[in-house]
Amino acid sequence: MIHVLLIEDDQAILLLTGFTLESEGFQVSRASNGTEGLEMLKQNRPDIIVCDIMMPDMSGLELREKLLEDAELSQIPFIFLTARAQTSDFMAGQELAVDGYITKPFEPDILAPAIKGVLEKRKK
Amino acid sequence: MVESSWNELVSRLSHMAISLISSRSVEELARRAESIVESMVPVDYAGIYLLAPGTSELKLYLAPNFTEEERQEAERTAWDRHPGLVIRTGQMLHVPDVRNDPEHSTVTSTRSFTVLSRLFLPVMAGGRCVGCFGMGSPKVNGFGENERSILEFVCSLIGVVYLNLLNTDALTASEQRLDLALEGGGIGLWDWDMKTNKVYFNTMWKSMLGYAENEVEGHVRSWEKLLHPEDKPRVEAELAAHFADPGSSYESEQRLRTKDGHWKWILDRGKVTQWDSEGRPSRMVGIHQDIDARKEIEQKLQESNEMKSAFVAQVSHELRTPLTSILGFSSTMLKNPELPIEQRGEFLGIILQESRRLAELIERVLTLSRIESKSMDLPLDEVDLVPLIQEVVQSCKLQAAERRVRLFAENLPEACPVTGHASSLRQVMLNLVGNAIKFNKAGGRVLIDCRAESDFWLIELSDNGPGLPPGEEMRIFERFYRVKGVNRPGSGLGLAIVREIVELHGGTVTACNNEDEGATFKVKLPCLNKVEE
């Protein structure tokens, strides 16, 4: 079973994405902010991280920068899930070498295929 | 004139020359010329026609017995008479006996001169004839050969001095005009001798920076000392670029230090005007313009644009978030018809809640936009705050009861009249009271008070809830600021709108933590009487 770590501050969206992925047969861990997310990463390595950008305290961008500092953590496949969809945001994502970028609002249908797609690509 | 020795003649000629050369005006020049003539021959009449610079108009000097009309008539007709002929040909005209001169009878003077012989001499300068010196003698053959030679010499001196006076006048006028233009335009002037590094700074250059005339040394280091260190490398590069390509213009925006220690933005423009034999620049001239005001506006504009962009980005994020849930849960429920009832209920509840949140956000953003663009023409009226507060308290009773929060609004004065827009003020009170209930602890209380403080009405809302994040009390009025760790916060715009409305009414709103527990919000609104003044 693929293990996904979800980091998202909006409770409703956390519920939605968690429910959707679990229905598709994924194992889901949930964190409501960056600090919590980092803690959970230390304990358990997920197969992929799906992370919101606009969160209070630590933004998704800051979190990603922190992960890049660690050789192992930087290797975990990483997808941004965010309402920020301007060109500058895409470029920020590129600079942080993320594997994917899903913009809100999104149809929940696309989550599972997107995650599987990224993992497939990584295998090669 | 009796023929004298050579030395005496030379002495007299040099006295004449010195007298003419030291004239300080054309009028003085003409008078001195007349004295010289009279010292040599008796004349009944003398007049000098001189060309006005850049025209073909003649001005008549001397001719002291003429009336103003006679003078103007003479000036107008001069070209058609002897003076005109002399000026055109550059040749002297001698009339030894006027009885043989047909023109003499047409001289337009009502005075009867006893003129029996006349002499018209060309006034020469720079190879051209610039005027005519005409004189009349009471004797036939009054002008002998010797006199005529000397007078020719005198006339050439007159010409040279005349031109010199014109040039000086023109130069002075030109300099004055430049000075006036620079002063009027607020422009500083600098002229840099790059060999000695001495620089001429005009008064405006110095006063633009608050320095008196004698406080700036005429050297390039004076400017270098005043240049902002951060701008220095760039300015040096800009100068170097101009030296390398003189066809380009030198334009530099730089900060210079004023006398009272501030930095002022100056636009420095100039050009190298002279080069030495090795092709290096030897002289550069330029101007300074004060662009401080413009820079400040540019900066404010940029800040304003940045704030607007940030706001737009924030709003779009805030709109997309509830939409994600609405879309997501609707879609999920349709795709999963076998969901258990509790879960369906939970999802539908979220859809409803997020829809409301979206609606409120849209409403608030629009309100804020309207207030901002001042297109909210609030019709102002006399509003009594007391019944308004009581109404709001009444309408919040249910919400308060649900959270077991107690509202107290005793001790309100009889009346608190202000000039304002009733429904906006009601919105303010609703928001503040609503927040005091929402963010309070269960079983908490809210005290609402209103009293006069000098020219203002002070409305205080005090609660005993968890209070505001310490150090960030006033930040809650910022857009989209949410108190952390609170579930289901609102749009984040409510207090921003409160502040806008209160400030539009000429008042202020503040928030701070109480010493023991909870927080107090204070709204100050100007009393009706004060505003009416």
# chains A, B, ... in the order shown; residues from 1 in each chain; ligands from 1
>>> closest_atom_pairs(of="chain A", to="chain B", cutoff="12 Å", atoms="only C-alpha atoms", output="JSON lines")
{"residue": "A:Glu8", "atom": "CA", "partner": "B:Thr321", "partner_atom": "CA", "distance": 11.0}
{"residue": "A:Asp9", "atom": "CA", "partner": "B:Gly485", "partner_atom": "CA", "distance": 10.5}
{"residue": "A:Asp10", "atom": "CA", "partner": "B:Thr321", "partner_atom": "CA", "distance": 7.9}
{"residue": "A:Gln11", "atom": "CA", "partner": "B:Arg488", "partner_atom": "CA", "distance": 8.7}
{"residue": "A:Ala12", "atom": "CA", "partner": "B:Ser325", "partner_atom": "CA", "distance": 6.3}
{"residue": "A:Ile13", "atom": "CA", "partner": "B:Ser325", "partner_atom": "CA", "distance": 5.8}
{"residue": "A:Leu14", "atom": "CA", "partner": "B:Ser325", "partner_atom": "CA", "distance": 9.4}
{"residue": "A:Leu15", "atom": "CA", "partner": "B:Ser325", "partner_atom": "CA", "distance": 9.1}
{"residue": "A:Leu16", "atom": "CA", "partner": "B:Phe329", "partner_atom": "CA", "distance": 6.6}
{"residue": "A:Thr17", "atom": "CA", "partner": "B:Gly328", "partner_atom": "CA", "distance": 8.5}
{"residue": "A:Gly18", "atom": "CA", "partner": "B:Gly328", "partner_atom": "CA", "distance": 11.6}
{"residue": "A:Phe19", "atom": "CA", "partner": "B:Thr332", "partner_atom": "CA", "distance": 9.1}
{"residue": "A:Thr20", "atom": "CA", "partner": "B:Thr332", "partner_atom": "CA", "distance": 7.5}
{"residue": "A:Leu21", "atom": "CA", "partner": "B:Thr332", "partner_atom": "CA", "distance": 11.2}
{"residue": "A:Ser23", "atom": "CA", "partner": "B:Asn336", "partner_atom": "CA", "distance": 9.6}
{"residue": "A:Glu24", "atom": "CA", "partner": "B:Asn336", "partner_atom": "CA", "distance": 11.7}
{"residue": "A:Ser32", "atom": "CA", "partner": "B:Gly485", "partner_atom": "CA", "distance": 10.7}
{"residue": "A:Asn33", "atom": "CA", "partner": "B:Gly485", "partner_atom": "CA", "distance": 10.9}
{"residue": "A:Asp52", "atom": "CA", "partner": "B:Thr321", "partner_atom": "CA", "distance": 10.8}
{"residue": "A:Ile53", "atom": "CA", "partner": "B:His317", "partner_atom": "CA", "distance": 10.4}
{"residue": "A:Met54", "atom": "CA", "partner": "B:His317", "partner_atom": "CA", "distance": 8.3}
{"residue": "A:Met55", "atom": "CA", "partner": "B:Lys484", "partner_atom": "CA", "distance": 10.9}
{"residue": "A:Pro56", "atom": "CA", "partner": "B:Lys484", "partner_atom": "CA", "distance": 8.0}
{"residue": "A:Asp57", "atom": "CA", "partner": "B:Lys484", "partner_atom": "CA", "distance": 9.2}
{"residue": "A:Leu81", "atom": "CA", "partner": "B:Thr321", "partner_atom": "CA", "distance": 11.0}
{"residue": "A:Thr82", "atom": "CA", "partner": "B:His317", "partner_atom": "CA", "distance": 8.4}
{"residue": "A:Ala83", "atom": "CA", "partner": "B:His317", "partner_atom": "CA", "distance": 5.2}
{"residue": "A:Arg84", "atom": "CA", "partner": "B:His317", "partner_atom": "CA", "distance": 6.4}
{"residue": "A:Ala85", "atom": "CA", "partner": "B:His317", "partner_atom": "CA", "distance": 9.1}
{"residue": "A:Gln86", "atom": "CA", "partner": "B:Ala313", "partner_atom": "CA", "distance": 8.8}
{"residue": "A:Ser88", "atom": "CA", "partner": "B:Ala313", "partner_atom": "CA", "distance": 11.5}
{"residue": "A:Asp89", "atom": "CA", "partner": "B:Ala313", "partner_atom": "CA", "distance": 10.8}
{"residue": "A:Ile102", "atom": "CA", "partner": "B:Thr324", "partner_atom": "CA", "distance": 11.8}
{"residue": "A:Thr103", "atom": "CA", "partner": "B:Arg320", "partner_atom": "CA", "distance": 9.3}
{"residue": "A:Lys104", "atom": "CA", "partner": "B:Thr324", "partner_atom": "CA", "distance": 5.9}
{"residue": "A:Pro105", "atom": "CA", "partner": "B:Thr324", "partner_atom": "CA", "distance": 4.2}
{"residue": "A:Phe106", "atom": "CA", "partner": "B:Thr324", "partner_atom": "CA", "distance": 6.3}
{"residue": "A:Glu107", "atom": "CA", "partner": "B:Gly328", "partner_atom": "CA", "distance": 5.9}
{"residue": "A:Pro108", "atom": "CA", "partner": "B:Gly328", "partner_atom": "CA", "distance": 5.6}
{"residue": "A:Asp109", "atom": "CA", "partner": "B:Thr332", "partner_atom": "CA", "distance": 8.4}
{"residue": "A:Ile110", "atom": "CA", "partner": "B:Gly328", "partner_atom": "CA", "distance": 10.8}
{"residue": "A:Leu111", "atom": "CA", "partner": "B:Gly328", "partner_atom": "CA", "distance": 11.0}
>>> residues_around(residues="B:Glu38", least_positions_apart="5", cutoff="12 Å", atoms="only C-alpha atoms", output="JSON, numbers by chain")
{"B": [1, 31, 32, 33, 43, 44, 45, 46, 135, 136, 137, 143, 147, 151]}
>>> write_last_selection(atoms="all heavy atoms", output="compact mmCIF listing (two decimals), in the first residue's frame")
# COMPACT_ATOMS: atom_id res chain seq x y z
N MET B 1 41.49 124.31 -36.40
CA MET B 1 42.51 123.86 -35.45
C MET B 1 43.90 124.22 -35.96
O MET B 1 44.23 123.99 -37.11
CB MET B 1 42.36 122.34 -35.31
CG MET B 1 43.27 121.77 -34.25
SD MET B 1 43.03 120.00 -34.10
CE MET B 1 44.19 119.41 -35.33
N ARG B 31 27.72 111.20 -26.43
CA ARG B 31 28.02 112.52 -25.84
C ARG B 31 29.52 112.81 -25.90
O ARG B 31 29.95 113.91 -26.22
CB ARG B 31 27.56 112.55 -24.38
CG ARG B 31 26.07 112.80 -24.21
CD ARG B 31 25.76 113.22 -22.77
NE ARG B 31 26.23 112.25 -21.79
CZ ARG B 31 25.54 111.18 -21.41
NH1 ARG B 31 24.35 110.94 -21.93
NH2 ARG B 31 26.04 110.33 -20.53
N ARG B 32 30.31 111.79 -25.60
CA ARG B 32 31.77 112.00 -25.62
C ARG B 32 32.25 112.26 -27.05
O ARG B 32 33.14 113.08 -27.29
CB ARG B 32 32.48 110.78 -25.03
CG ARG B 32 32.26 110.71 -23.55
CD ARG B 32 32.97 109.57 -22.89
NE ARG B 32 32.72 109.60 -21.45
CZ ARG B 32 33.48 109.00 -20.56
NH1 ARG B 32 34.53 108.32 -20.96
NH2 ARG B 32 33.18 109.07 -19.28
N ALA B 33 31.61 111.59 -28.00
CA ALA B 33 31.97 111.82 -29.40
C ALA B 33 31.68 113.27 -29.78
O ALA B 33 32.47 113.94 -30.45
CB ALA B 33 31.20 110.85 -30.29
N VAL B 43 30.26 123.29 -34.33
CA VAL B 43 29.15 122.69 -35.07
C VAL B 43 27.84 123.18 -34.48
O VAL B 43 27.73 123.41 -33.27
CB VAL B 43 29.17 121.14 -35.03
CG1 VAL B 43 30.25 120.59 -35.92
CG2 VAL B 43 29.29 120.63 -33.62
N ASP B 44 26.90 123.37 -35.38
CA ASP B 44 25.57 123.79 -34.95
C ASP B 44 24.66 122.60 -34.71
O ASP B 44 23.62 122.69 -34.10
CB ASP B 44 24.96 124.67 -36.06
CG ASP B 44 24.63 126.03 -35.50
OD1 ASP B 44 25.19 126.38 -34.45
OD2 ASP B 44 23.82 126.72 -36.12
N TYR B 45 25.06 121.49 -35.29
CA TYR B 45 24.20 120.31 -35.22
C TYR B 45 25.07 119.07 -35.28
O TYR B 45 26.05 119.01 -36.03
CB TYR B 45 23.21 120.31 -36.40
CG TYR B 45 22.59 118.94 -36.63
CD1 TYR B 45 21.51 118.51 -35.87
CD2 TYR B 45 23.13 118.07 -37.58
CE1 TYR B 45 20.96 117.26 -36.06
CE2 TYR B 45 22.59 116.81 -37.77
CZ TYR B 45 21.52 116.41 -37.02
OH TYR B 45 21.00 115.16 -37.20
N ALA B 46 24.74 118.08 -34.48
CA ALA B 46 25.43 116.78 -34.56
C ALA B 46 24.44 115.68 -34.19
O ALA B 46 23.67 115.80 -33.22
CB ALA B 46 26.62 116.75 -33.59
N MET B 135 27.09 115.90 -39.08
CA MET B 135 27.27 117.16 -38.37
C MET B 135 27.14 118.34 -39.32
O MET B 135 27.40 118.22 -40.53
CB MET B 135 28.62 117.20 -37.65
CG MET B 135 29.79 116.73 -38.47
SD MET B 135 31.21 116.30 -37.45
CE MET B 135 31.01 114.55 -37.29
N GLY B 136 26.72 119.51 -38.76
CA GLY B 136 26.53 120.71 -39.58
C GLY B 136 27.35 121.89 -39.04
O GLY B 136 27.32 122.15 -37.85
N SER B 137 28.06 122.56 -39.91
CA SER B 137 28.89 123.70 -39.48
C SER B 137 28.22 125.01 -39.91
O SER B 137 27.60 125.07 -40.98
CB SER B 137 30.28 123.59 -40.12
OG SER B 137 30.95 124.84 -40.01
N PHE B 143 34.55 122.16 -42.57
CA PHE B 143 35.33 120.96 -42.21
C PHE B 143 36.53 120.84 -43.14
O PHE B 143 36.41 120.52 -44.31
CB PHE B 143 34.46 119.71 -42.32
CG PHE B 143 33.21 119.78 -41.49
CD1 PHE B 143 31.99 120.11 -42.07
CD2 PHE B 143 33.27 119.56 -40.11
CE1 PHE B 143 30.85 120.17 -41.28
CE2 PHE B 143 32.12 119.62 -39.34
CZ PHE B 143 30.89 119.94 -39.92
N GLU B 147 40.73 118.04 -40.36
CA GLU B 147 39.63 117.70 -39.44
C GLU B 147 38.90 116.46 -39.92
O GLU B 147 38.55 115.57 -39.14
CB GLU B 147 38.61 118.86 -39.32
CG GLU B 147 39.07 120.01 -38.48
CD GLU B 147 39.94 120.99 -39.27
OE1 GLU B 147 40.16 120.71 -40.45
OE2 GLU B 147 40.35 121.98 -38.68
N LEU B 151 38.40 113.07 -37.84
CA LEU B 151 37.03 112.64 -37.53
C LEU B 151 36.75 111.23 -38.06
O LEU B 151 36.00 110.46 -37.45
CB LEU B 151 36.02 113.64 -38.08
CG LEU B 151 35.96 114.95 -37.30
CD1 LEU B 151 35.11 115.99 -38.02
CD2 LEU B 151 35.41 114.70 -35.90
>>> closest_residue(among="B:Ile48, B:Leu378, B:Leu334, B:Phe480", to="B:Phe311", atoms="only C-alpha atoms")
B:Phe480
>>> select_by_dssp(residues="stretch 59-101 of chain A", states="strand (DSSP E)", output="PyMOL selection string")
chain A and resi 78-82+100-101
>>> residues_around(residues="B:Leu209", least_positions_apart="3", cutoff="10 Å", atoms="only C-alpha atoms", output="MDAnalysis selection string")
chainID B and resid 188 204:206 212 226 256:264 266 290
>>> write_last_selection(atoms="N, CA and C atoms", output="tab-separated table (two decimals), in the first residue's frame")
chain	number	residue	atom	x	y	z
B	188	GLY	N	20.01	73.40	-10.83
B	188	GLY	CA	21.38	73.68	-10.42
B	188	GLY	C	22.31	73.49	-11.61
B	204	MET	N	21.74	77.92	-7.14
B	204	MET	CA	20.65	76.96	-6.99
B	204	MET	C	21.20	75.56	-6.70
B	205	TRP	N	22.34	75.19	-7.27
B	205	TRP	CA	22.94	73.88	-7.00
B	205	TRP	C	23.15	73.73	-5.51
B	206	LYS	N	23.64	74.79	-4.89
B	206	LYS	CA	23.94	74.74	-3.47
B	206	LYS	C	22.67	74.83	-2.64
B	212	ALA	N	24.49	77.38	1.88
B	212	ALA	CA	24.63	78.78	1.49
B	212	ALA	C	25.73	78.88	0.44
B	226	LEU	N	29.23	64.52	-0.94
B	226	LEU	CA	27.80	64.51	-0.66
B	226	LEU	C	27.08	63.32	-1.27
B	256	LEU	N	22.02	62.85	-2.73
B	256	LEU	CA	23.03	63.74	-2.18
B	256	LEU	C	22.59	64.17	-0.79
B	257	ARG	N	23.56	64.40	0.06
B	257	ARG	CA	23.22	64.72	1.45
B	257	ARG	C	22.95	66.21	1.59
B	258	THR	N	21.79	66.54	2.19
B	258	THR	CA	21.47	67.95	2.40
B	258	THR	C	22.14	68.42	3.67
B	259	LYS	N	22.10	69.75	3.87
B	259	LYS	CA	22.79	70.32	5.02
B	259	LYS	C	22.25	69.73	6.32
B	260	ASP	N	20.96	69.50	6.40
B	260	ASP	CA	20.42	68.97	7.66
B	260	ASP	C	20.45	67.44	7.71
B	261	GLY	N	21.27	66.84	6.88
B	261	GLY	CA	21.57	65.42	7.04
B	261	GLY	C	20.65	64.45	6.33
B	262	HIS	N	19.66	64.96	5.54
B	262	HIS	CA	18.80	64.01	4.83
B	262	HIS	C	19.40	63.66	3.49
B	263	TRP	N	18.85	62.61	2.88
B	263	TRP	CA	19.25	62.26	1.53
B	263	TRP	C	18.18	62.76	0.57
B	264	LYS	N	18.63	63.46	-0.47
B	264	LYS	CA	17.69	63.98	-1.44
B	264	LYS	C	18.01	63.36	-2.80
B	266	ILE	N	18.42	63.41	-6.59
B	266	ILE	CA	18.73	64.45	-7.58
B	266	ILE	C	18.92	63.78	-8.94
B	290	ASP	N	15.85	68.53	-8.76
B	290	ASP	CA	15.37	67.89	-7.54
B	290	ASP	C	14.23	66.93	-7.89
>>> residues_around(residues="B:Cys396", least_positions_apart="2", cutoff="9 Å", atoms="only C-alpha atoms", output="PDB file with N, CA, C and O atoms, in the first residue's frame")
ATOM      1  N   GLU B 391     -29.700  47.919  19.924  1.00  0.00           N
ATOM      2  CA  GLU B 391     -30.220  47.036  18.858  1.00  0.00           C
ATOM      3  C   GLU B 391     -29.296  45.873  18.596  1.00  0.00           C
ATOM      4  O   GLU B 391     -29.710  44.726  18.465  1.00  0.00           O
ATOM      5  N   VAL B 392     -27.991  46.208  18.455  1.00  0.00           N
ATOM      6  CA  VAL B 392     -26.999  45.183  18.128  1.00  0.00           C
ATOM      7  C   VAL B 392     -26.931  44.142  19.243  1.00  0.00           C
ATOM      8  O   VAL B 392     -26.893  42.928  18.994  1.00  0.00           O
ATOM      9  N   VAL B 393     -26.921  44.631  20.478  1.00  0.00           N
ATOM     10  CA  VAL B 393     -26.868  43.707  21.620  1.00  0.00           C
ATOM     11  C   VAL B 393     -28.071  42.766  21.583  1.00  0.00           C
ATOM     12  O   VAL B 393     -27.943  41.551  21.780  1.00  0.00           O
ATOM     13  N   GLN B 394     -29.233  43.338  21.306  1.00  0.00           N
ATOM     14  CA  GLN B 394     -30.452  42.532  21.232  1.00  0.00           C
ATOM     15  C   GLN B 394     -30.329  41.443  20.175  1.00  0.00           C
ATOM     16  O   GLN B 394     -30.651  40.282  20.412  1.00  0.00           O
ATOM     17  N   LEU B 398     -29.088  35.711  20.958  1.00  0.00           N
ATOM     18  CA  LEU B 398     -29.196  34.282  20.675  1.00  0.00           C
ATOM     19  C   LEU B 398     -27.815  33.654  20.531  1.00  0.00           C
ATOM     20  O   LEU B 398     -27.504  32.621  21.117  1.00  0.00           O
ATOM     21  N   GLN B 399     -26.980  34.312  19.730  1.00  0.00           N
ATOM     22  CA  GLN B 399     -25.629  33.798  19.510  1.00  0.00           C
ATOM     23  C   GLN B 399     -24.885  33.714  20.846  1.00  0.00           C
ATOM     24  O   GLN B 399     -24.161  32.750  21.118  1.00  0.00           O
ATOM     25  N   ALA B 400     -25.084  34.734  21.689  1.00  0.00           N
ATOM     26  CA  ALA B 400     -24.411  34.749  22.995  1.00  0.00           C
ATOM     27  C   ALA B 400     -24.894  33.592  23.854  1.00  0.00           C
ATOM     28  O   ALA B 400     -24.102  32.895  24.505  1.00  0.00           O
ATOM     29  N   ALA B 401     -26.216  33.372  23.825  1.00  0.00           N
ATOM     30  CA  ALA B 401     -26.784  32.306  24.653  1.00  0.00           C
ATOM     31  C   ALA B 401     -26.220  30.953  24.248  1.00  0.00           C
ATOM     32  O   ALA B 401     -25.912  30.118  25.106  1.00  0.00           O
ATOM     33  N   LEU B 407     -23.856  39.231  27.848  1.00  0.00           N
ATOM     34  CA  LEU B 407     -23.610  40.581  27.325  1.00  0.00           C
ATOM     35  C   LEU B 407     -24.141  41.621  28.298  1.00  0.00           C
ATOM     36  O   LEU B 407     -25.282  41.518  28.744  1.00  0.00           O
ATOM     37  N   LEU B 430     -21.859  45.190  15.117  1.00  0.00           N
ATOM     38  CA  LEU B 430     -22.194  43.769  14.973  1.00  0.00           C
ATOM     39  C   LEU B 430     -20.928  42.926  14.918  1.00  0.00           C
ATOM     40  O   LEU B 430     -20.820  41.876  15.551  1.00  0.00           O
ATOM     41  N   VAL B 433     -19.141  43.037  18.466  1.00  0.00           N
ATOM     42  CA  VAL B 433     -19.860  42.251  19.468  1.00  0.00           C
ATOM     43  C   VAL B 433     -19.809  40.779  19.087  1.00  0.00           C
ATOM     44  O   VAL B 433     -19.562  39.907  19.938  1.00  0.00           O
ATOM     45  N   GLY B 434     -20.009  40.488  17.805  1.00  0.00           N
ATOM     46  CA  GLY B 434     -19.952  39.110  17.331  1.00  0.00           C
ATOM     47  C   GLY B 434     -18.616  38.457  17.642  1.00  0.00           C
ATOM     48  O   GLY B 434     -18.546  37.324  18.119  1.00  0.00           O
ATOM     49  N   ILE B 437     -18.165  37.623  21.276  1.00  0.00           N
ATOM     50  CA  ILE B 437     -18.857  36.386  21.653  1.00  0.00           C
ATOM     51  C   ILE B 437     -18.116  35.174  21.088  1.00  0.00           C
ATOM     52  O   ILE B 437     -17.827  34.215  21.801  1.00  0.00           O
TER      53      ILE B 437
END
>>> closest_residue(among="B:Asp193, B:Asp449, B:Glu478, B:Glu8", to="B:Thr273", atoms="only C-alpha atoms")
B:Asp193
